[in-house]
file data-v2.txt (compact mmCIF, C-alpha atoms and all ligand atoms)
# COMPACT_ATOMS: atom_id res chain seq x y z
CA MET E 18 -52.99 -52.89 15.12
CA GLY E 19 -49.92 -53.46 13.01
CA ASP E 20 -51.13 -50.90 10.55
CA THR E 21 -51.89 -48.40 13.29
CA HIS E 22 -48.46 -49.00 14.81
CA SER E 23 -46.71 -48.49 11.53
CA ASP E 24 -48.87 -45.47 10.92
CA THR E 25 -47.72 -44.07 14.30
CA ASN E 26 -44.08 -44.74 13.38
CA GLU E 27 -44.53 -42.99 10.07
CA ARG E 28 -46.11 -40.04 11.77
CA ALA E 29 -43.25 -39.91 14.29
CA ALA E 30 -40.74 -40.17 11.47
CA SER E 31 -42.43 -37.48 9.50
CA LYS E 32 -42.61 -35.39 12.68
CA ARG E 33 -38.86 -35.86 13.15
CA MET E 34 -38.26 -34.89 9.53
CA GLY E 35 -40.54 -31.96 10.10
CA PHE E 36 -38.13 -30.89 12.82
CA VAL E 37 -34.84 -31.91 11.18
CA ALA E 38 -35.39 -30.19 7.84
CA PRO E 39 -36.03 -26.70 9.28
CA ALA E 40 -33.15 -27.23 11.73
CA LEU E 41 -30.79 -28.04 8.84
CA LEU E 42 -32.09 -25.07 6.90
CA ALA E 43 -31.67 -22.80 9.92
CA GLY E 44 -28.12 -24.12 10.47
CA PHE E 45 -27.30 -23.47 6.82
CA LEU E 46 -28.70 -19.95 7.01
CA VAL E 47 -26.67 -19.20 10.15
CA LEU E 48 -23.54 -20.38 8.30
CA VAL E 49 -24.32 -18.21 5.26
CA VAL E 50 -24.90 -15.17 7.47
CA ALA E 51 -21.68 -15.83 9.43
CA VAL E 52 -19.62 -16.08 6.23
CA GLY E 53 -21.30 -12.94 4.93
CA VAL E 54 -20.51 -11.03 8.12
CA LEU E 55 -16.87 -12.17 8.02
CA CYS E 56 -16.56 -10.98 4.40
CA LEU E 57 -18.13 -7.67 5.32
CA VAL E 58 -15.75 -7.19 8.28
CA GLU E 59 -12.78 -7.93 6.00
CA TYR E 60 -14.15 -5.56 3.36
CA ARG E 61 -15.03 -2.84 5.85
CA SER E 62 -11.57 -2.90 7.44
CA LEU E 63 -10.32 -1.20 4.24
CA PRO E 64 -11.17 2.43 3.49
CA ASP E 65 -13.74 2.68 0.70
CA ASN E 66 -11.37 4.63 -1.58
CA VAL E 67 -8.79 1.85 -2.04
CA GLY E 68 -8.55 -0.56 -4.98
CA ARG E 69 -10.87 1.34 -7.33
CA VAL E 70 -10.88 4.21 -9.80
CA LEU E 71 -11.76 7.42 -7.96
CA THR E 72 -13.92 10.23 -9.29
CA ALA E 73 -12.15 13.51 -10.11
CA GLU E 74 -13.61 15.00 -6.93
CA GLU E 75 -12.41 12.08 -4.78
CA GLN E 76 -8.94 12.34 -6.33
CA ALA E 77 -8.82 16.06 -5.57
CA ASP E 78 -9.80 15.37 -1.94
CA VAL E 79 -7.03 12.75 -1.60
CA ILE E 80 -4.39 14.99 -3.23
CA ALA E 81 -5.37 17.85 -0.90
CA GLU E 82 -4.28 15.66 2.06
CA ASN E 83 -1.02 14.57 0.41
CA SER E 84 1.44 16.05 -2.13
CA SER E 85 0.05 18.60 -4.58
CA LEU E 86 2.72 17.31 -7.02
CA THR E 87 0.60 14.17 -7.52
CA ASP E 88 -0.46 13.53 -11.16
CA TYR E 89 -2.04 10.07 -10.76
CA VAL E 90 -3.96 8.42 -7.90
CA PHE E 91 -4.80 4.75 -7.47
CA LEU E 92 -4.93 3.75 -3.81
CA SER E 93 -3.57 0.31 -2.87
CA PRO E 94 -5.24 -1.97 -0.31
CA ASN E 95 -1.73 -3.15 0.69
CA ALA E 96 -1.21 -0.83 3.66
CA ASP E 97 -2.03 -0.33 7.34
CA PHE E 98 -4.74 2.25 7.98
CA PRO E 99 -3.54 4.43 9.69
CA ARG E 100 0.23 4.35 10.41
CA GLU E 101 1.18 4.18 14.12
CA GLU E 102 4.19 6.55 14.22
CA PRO E 103 4.72 10.15 13.09
CA ILE E 104 6.57 10.70 9.80
CA THR E 105 10.29 11.25 10.48
CA ARG E 106 11.92 9.52 7.49
CA ILE E 107 11.77 9.27 3.73
CA THR E 108 12.79 6.01 2.06
CA VAL E 109 13.96 6.04 -1.56
CA HIS E 110 13.51 2.92 -3.71
CA HIS E 111 14.02 2.15 -7.37
CA MET E 112 11.41 0.28 -9.40
CA ALA E 113 13.97 -2.14 -10.90
CA GLY E 114 12.18 -1.39 -14.16
CA ASP E 115 10.78 1.42 -16.28
CA LEU E 116 7.11 0.99 -15.37
CA SER E 117 4.35 3.48 -16.05
CA LEU E 118 2.52 4.79 -12.99
CA GLU E 119 -0.56 2.78 -14.07
CA GLU E 120 1.46 -0.45 -14.35
CA LEU E 121 2.93 -0.05 -10.88
CA GLY E 122 -0.53 0.86 -9.55
CA ASN E 123 -1.89 -2.38 -11.01
CA ARG E 124 0.81 -4.37 -9.22
CA PHE E 125 0.06 -2.64 -5.92
CA ALA E 126 -3.68 -3.26 -6.43
CA ASN E 127 -3.02 -7.02 -6.26
CA ARG E 128 -3.53 -8.01 -2.63
CA ASP E 129 -1.48 -11.21 -3.07
CA ARG E 130 1.65 -9.14 -3.73
CA ARG E 131 1.40 -7.53 -0.30
CA ALA E 132 3.50 -4.60 -1.56
CA SER E 133 2.98 -0.88 -2.07
CA SER E 134 4.65 2.51 -1.78
CA HIS E 135 3.30 5.94 -0.96
CA TYR E 136 4.56 7.56 -4.15
CA ALA E 137 6.23 6.68 -7.43
CA ILE E 138 7.95 8.84 -10.03
CA ASP E 139 8.11 7.73 -13.66
CA SER E 140 10.97 8.48 -16.07
CA ALA E 141 9.17 11.58 -17.38
CA GLY E 142 8.93 12.98 -13.83
CA ASN E 143 5.21 12.32 -13.23
CA VAL E 144 4.15 11.47 -9.66
CA ALA E 145 1.72 8.76 -8.51
CA LEU E 146 0.13 8.35 -5.09
CA TYR E 147 -0.74 4.76 -4.04
CA VAL E 148 -0.89 5.03 -0.24
CA GLU E 149 -1.86 8.20 1.61
CA GLU E 150 0.87 9.57 3.87
CA LYS E 151 -1.27 9.03 6.98
CA ASN E 152 -1.17 5.26 6.33
CA ARG E 153 1.72 2.77 6.40
CA ALA E 154 2.83 1.49 3.00
CA TRP E 155 4.46 -1.94 2.73
CA THR E 156 7.69 -1.08 0.91
CA SER E 157 10.94 -1.56 2.78
CA SER E 158 10.89 -5.11 4.29
CA ASN E 159 10.91 -3.40 7.68
CA ARG E 160 7.84 -2.52 9.67
CA ASP E 161 9.69 -0.18 12.04
CA ASN E 162 10.98 1.91 9.10
CA ASP E 163 7.73 1.91 7.18
CA GLU E 164 5.79 3.07 10.27
CA ARG E 165 7.96 6.21 10.23
CA ALA E 166 8.66 6.68 6.53
CA VAL E 167 7.08 8.06 3.42
CA THR E 168 8.32 5.74 0.67
CA ILE E 169 9.02 6.66 -2.95
CA GLU E 170 9.63 4.33 -5.93
CA VAL E 171 11.68 5.89 -8.75
CA ALA E 172 11.61 4.45 -12.29
CA ASN E 173 14.83 3.36 -13.98
CA ASP E 174 15.20 4.66 -17.54
CA GLN E 175 17.86 1.97 -18.08
CA VAL E 176 17.07 -1.54 -16.90
CA GLY E 177 20.07 -3.37 -15.44
CA GLY E 178 23.64 -2.10 -15.27
CA ASP E 179 23.81 0.70 -12.73
CA TRP E 180 19.99 1.10 -12.86
CA HIS E 181 20.14 4.65 -14.18
CA VAL E 182 17.40 7.18 -13.35
CA SER E 183 16.42 10.06 -15.67
CA ASP E 184 17.23 13.67 -14.75
CA ALA E 185 13.49 14.44 -14.87
CA ALA E 186 12.80 11.72 -12.27
CA PHE E 187 15.73 12.77 -10.05
CA ASP E 188 14.72 16.45 -10.14
CA LYS E 189 11.12 15.53 -9.27
CA LEU E 190 12.41 13.33 -6.43
CA VAL E 191 14.12 16.39 -4.89
CA GLU E 192 10.96 18.45 -5.32
CA LEU E 193 8.70 15.74 -3.85
CA ILE E 194 10.94 15.19 -0.81
CA VAL E 195 11.06 18.95 -0.13
CA ASP E 196 7.26 19.02 -0.24
CA ILE E 197 6.91 16.00 2.09
CA CYS E 198 9.42 17.48 4.57
CA GLU E 199 7.70 20.87 4.61
CA ARG E 200 4.21 19.44 5.20
CA ASN E 201 5.42 17.00 7.90
CA GLY E 202 7.66 19.33 9.91
CA ILE E 203 11.00 17.76 8.87
CA THR E 204 13.40 20.71 9.01
CA GLU E 205 16.65 18.87 8.26
CA PHE E 206 17.03 16.03 5.75
CA THR E 207 20.04 13.97 6.79
CA TYR E 208 21.82 11.09 5.04
CA THR E 209 24.06 9.09 7.39
CA GLY E 210 24.28 5.83 5.43
CA ASP E 211 22.21 4.06 8.10
CA ASP E 212 18.80 4.35 9.72
CA ASN E 213 19.91 7.18 12.03
CA GLY E 214 19.37 9.57 9.11
CA THR E 215 16.15 11.00 7.76
CA LEU E 216 16.92 9.47 4.35
CA THR E 217 16.78 5.68 4.40
CA THR E 218 16.99 3.06 1.65
CA HIS E 219 15.66 -0.45 1.17
CA ASN E 220 19.11 -2.12 1.32
CA MET E 221 19.63 -0.75 4.86
CA PHE E 222 16.96 -3.20 6.01
CA ASN E 223 17.29 -6.12 3.60
CA ASP E 224 20.68 -7.40 2.48
CA GLN E 225 19.02 -9.47 -0.26
CA THR E 226 18.25 -6.33 -2.32
CA ILE E 227 20.46 -3.78 -4.11
CA CYS E 228 17.50 -1.33 -4.09
CA PRO E 229 17.78 1.64 -4.78
CA GLY E 230 20.52 0.48 -7.21
CA PRO E 231 24.08 1.76 -7.80
CA TYR E 232 23.09 4.95 -9.66
CA LEU E 233 20.73 6.36 -7.00
CA SER E 234 22.93 5.01 -4.18
CA GLY E 235 25.80 7.11 -5.60
CA ARG E 236 23.68 10.27 -5.51
CA LEU E 237 22.10 10.05 -2.02
CA GLY E 238 24.46 12.62 -0.43
CA GLU E 239 23.79 14.99 -3.32
CA LEU E 240 20.04 14.33 -2.94
CA ALA E 241 20.14 15.22 0.77
CA ASN E 242 22.10 18.42 0.03
CA ALA E 243 19.72 19.45 -2.75
CA VAL E 244 16.72 18.95 -0.44
CA ASN E 245 18.36 20.76 2.49
CA SER E 246 19.26 23.78 0.38
CA ARG E 247 15.50 24.23 -0.21
CA LEU E 248 14.24 23.59 3.34
ZN ZN Q 301 13.03 -1.16 -2.70
call {"tool": "encode", "arguments": {"input": "data-v2.txt", "output": "structure tokens", "more": "lines below"}}
Ligand SMILES: [Zn+2]
result
Amino acid sequence: MGDTHSDTNERAASKRMGFVAPALLAGFLVLVVAVGVLCLVEYRSLPDNVGRVLTAEEQADVIAENSSLTDYVFLSPNADFPREEPITRITVHHMAGDLSLEELGNRFANRDRRASSHYAIDSAGNVALYVEEKNRAWTSSNRDNDERAVTIEVANDQVGGDWHVSDAAFDKLVELIVDICERNGITEFTYTGDDNGTLTTHNMFNDQTICPGPYLSGRLGELANAVNSRL
């Protein structure tokens, strides 16, 4: 009797185990699938052309939708896809360094930095595209500005001091802004010293930065005039 009883208990126990083990396994599988789906949603929320080297054909397609002055493309994941406001401003920044376009692209590829710009110009006057114009780059410490702006980082050929910019970079900046204005229907490029103008700068929105530096800051009126004479 005792044996039979214990036998029954063992059977019941093994029956319970027979139920518990698959239940645990099923629970684990559900968890794995849920985590997988969450990762996929996060991954899918980014366009498939960001954060990787593009083929020549893909690069040509991207450049066709943006500035034809672009020499280098590496699209950053640090952006909103797409922007929510039409383009009515251009914001000029300095790099606070003399980075190559690849080096700046590597920084903007790092999602922890949460920073990007649409374009950059190196000291030789080459142009990079990191965020397509239709999307919002994270550049100016101000969402309202960045929703409306195309942002451009310009390299400094002298680090420190007045943060000088090369003539090649300045001339290309004029050319790039003219191109952006023409393609986006901006017919007058105004500099008012505040965010009422078409030309805005980082230090209008963040008093902790001197960006775009004394040298570029001293040439903003001249920049606006040079652009306007070509529009
Ligand atoms: Zn800046």
call {"tool": "atom_distance", "arguments": {"input": "data-v2.txt", "atom1": "atom CA of Val70 of chain E", "atom2": "atom CA of Phe91 of chain E"}}
result
6.5 Å
call {"tool": "residues_near_point", "arguments": {"input": "data-v2.txt", "point": "(18.6, -1.0, -10.3)", "cutoff": "12 Å", "atoms": "all atoms listed in the file", "output": "number ranges by chain"}}
result
E: 110-115, 170-182, 219-220, 226-235
call {"tool": "write_last_selection", "arguments": {"input": "data-v2.txt", "atoms": "C-alpha atoms", "output": "PDB file, keeping the file's coordinate frame"}}
result
ATOM      1  CA  HIS E 110      13.510   2.920  -3.710  1.00  0.00           C
ATOM      2  CA  HIS E 111      14.020   2.150  -7.370  1.00  0.00           C
ATOM      3  CA  MET E 112      11.410   0.280  -9.400  1.00  0.00           C
ATOM      4  CA  ALA E 113      13.970  -2.140 -10.900  1.00  0.00           C
ATOM      5  CA  GLY E 114      12.180  -1.390 -14.160  1.00  0.00           C
ATOM      6  CA  ASP E 115      10.780   1.420 -16.280  1.00  0.00           C
ATOM      7  CA  GLU E 170       9.630   4.330  -5.930  1.00  0.00           C
ATOM      8  CA  VAL E 171      11.680   5.890  -8.750  1.00  0.00           C
ATOM      9  CA  ALA E 172      11.610   4.450 -12.290  1.00  0.00           C
ATOM     10  CA  ASN E 173      14.830   3.360 -13.980  1.00  0.00           C
ATOM     11  CA  ASP E 174      15.200   4.660 -17.540  1.00  0.00           C
ATOM     12  CA  GLN E 175      17.860   1.970 -18.080  1.00  0.00           C
ATOM     13  CA  VAL E 176      17.070  -1.540 -16.900  1.00  0.00           C
ATOM     14  CA  GLY E 177      20.070  -3.370 -15.440  1.00  0.00           C
ATOM     15  CA  GLY E 178      23.640  -2.100 -15.270  1.00  0.00           C
ATOM     16  CA  ASP E 179      23.810   0.700 -12.730  1.00  0.00           C
ATOM     17  CA  TRP E 180      19.990   1.100 -12.860  1.00  0.00           C
ATOM     18  CA  HIS E 181      20.140   4.650 -14.180  1.00  0.00           C
ATOM     19  CA  VAL E 182      17.400   7.180 -13.350  1.00  0.00           C
ATOM     20  CA  HIS E 219      15.660  -0.450   1.170  1.00  0.00           C
ATOM     21  CA  ASN E 220      19.110  -2.120   1.320  1.00  0.00           C
ATOM     22  CA  THR E 226      18.250  -6.330  -2.320  1.00  0.00           C
ATOM     23  CA  ILE E 227      20.460  -3.780  -4.110  1.00  0.00           C
ATOM     24  CA  CYS E 228      17.500  -1.330  -4.090  1.00  0.00           C
ATOM     25  CA  PRO E 229      17.780   1.640  -4.780  1.00  0.00           C
ATOM     26  CA  GLY E 230      20.520   0.480  -7.210  1.00  0.00           C
ATOM     27  CA  PRO E 231      24.080   1.760  -7.800  1.00  0.00           C
ATOM     28  CA  TYR E 232      23.090   4.950  -9.660  1.00  0.00           C
ATOM     29  CA  LEU E 233      20.730   6.360  -7.000  1.00  0.00           C
ATOM     30  CA  SER E 234      22.930   5.010  -4.180  1.00  0.00           C
ATOM     31  CA  GLY E 235      25.800   7.110  -5.600  1.00  0.00           C
TER      32      GLY E 235
END
call {"tool": "closest_residue", "arguments": {"input": "data-v2.txt", "among": "E:Ala154, E:Val244, E:Ile203, E:Ala126", "to": "ligand ZN 301 (chain Q)", "atoms": "only C-alpha atoms and all ligand atoms"}}
result
E:Ala154
call {"tool": "residues_near_point", "arguments": {"input": "data-v2.txt", "point": "(9.3, 6.9, 6.5)", "cutoff": "10 Å", "atoms": "all atoms listed in the file", "output": "PyMOL selection string"}}
result
chain E and resi 102-109+135+150+153-154+156-157+161-169+215-218
call {"tool": "write_last_selection", "arguments": {"input": "data-v2.txt", "atoms": "C-alpha atoms", "output": "compact mmCIF listing (two decimals), in the frame of the given file"}}
result
# COMPACT_ATOMS: atom_id res chain seq x y z
CA GLU E 102 4.19 6.55 14.22
CA PRO E 103 4.72 10.15 13.09
CA ILE E 104 6.57 10.70 9.80
CA THR E 105 10.29 11.25 10.48
CA ARG E 106 11.92 9.52 7.49
CA ILE E 107 11.77 9.27 3.73
CA THR E 108 12.79 6.01 2.06
CA VAL E 109 13.96 6.04 -1.56
CA HIS E 135 3.30 5.94 -0.96
CA GLU E 150 0.87 9.57 3.87
CA ARG E 153 1.72 2.77 6.40
CA ALA E 154 2.83 1.49 3.00
CA THR E 156 7.69 -1.08 0.91
CA SER E 157 10.94 -1.56 2.78
CA ASP E 161 9.69 -0.18 12.04
CA ASN E 162 10.98 1.91 9.10
CA ASP E 163 7.73 1.91 7.18
CA GLU E 164 5.79 3.07 10.27
CA ARG E 165 7.96 6.21 10.23
CA ALA E 166 8.66 6.68 6.53
CA VAL E 167 7.08 8.06 3.42
CA THR E 168 8.32 5.74 0.67
CA ILE E 169 9.02 6.66 -2.95
CA THR E 215 16.15 11.00 7.76
CA LEU E 216 16.92 9.47 4.35
CA THR E 217 16.78 5.68 4.40
CA THR E 218 16.99 3.06 1.65
call {"tool": "atom_distance", "arguments": {"input": "data-v2.txt", "atom1": "atom CA of Pro64 of chain E", "atom2": "atom CA of Glu82 of chain E"}}
result
15.0 Å
call {"tool": "residues_around", "arguments": {"input": "data-v2.txt", "residues": "Leu240 of chain E", "least_positions_apart": "3", "cutoff": "9 Å", "atoms": "all atoms listed in the file", "output": "PyMOL selection string"}}
result
chain E and resi 187+190-191+208+233+236-237+243-245
call {"tool": "atom_distance", "arguments": {"input": "data-v2.txt", "atom1": "atom CA of Leu248 of chain E", "atom2": "atom CA of Tyr136 of chain E"}}
result
20.2 Å
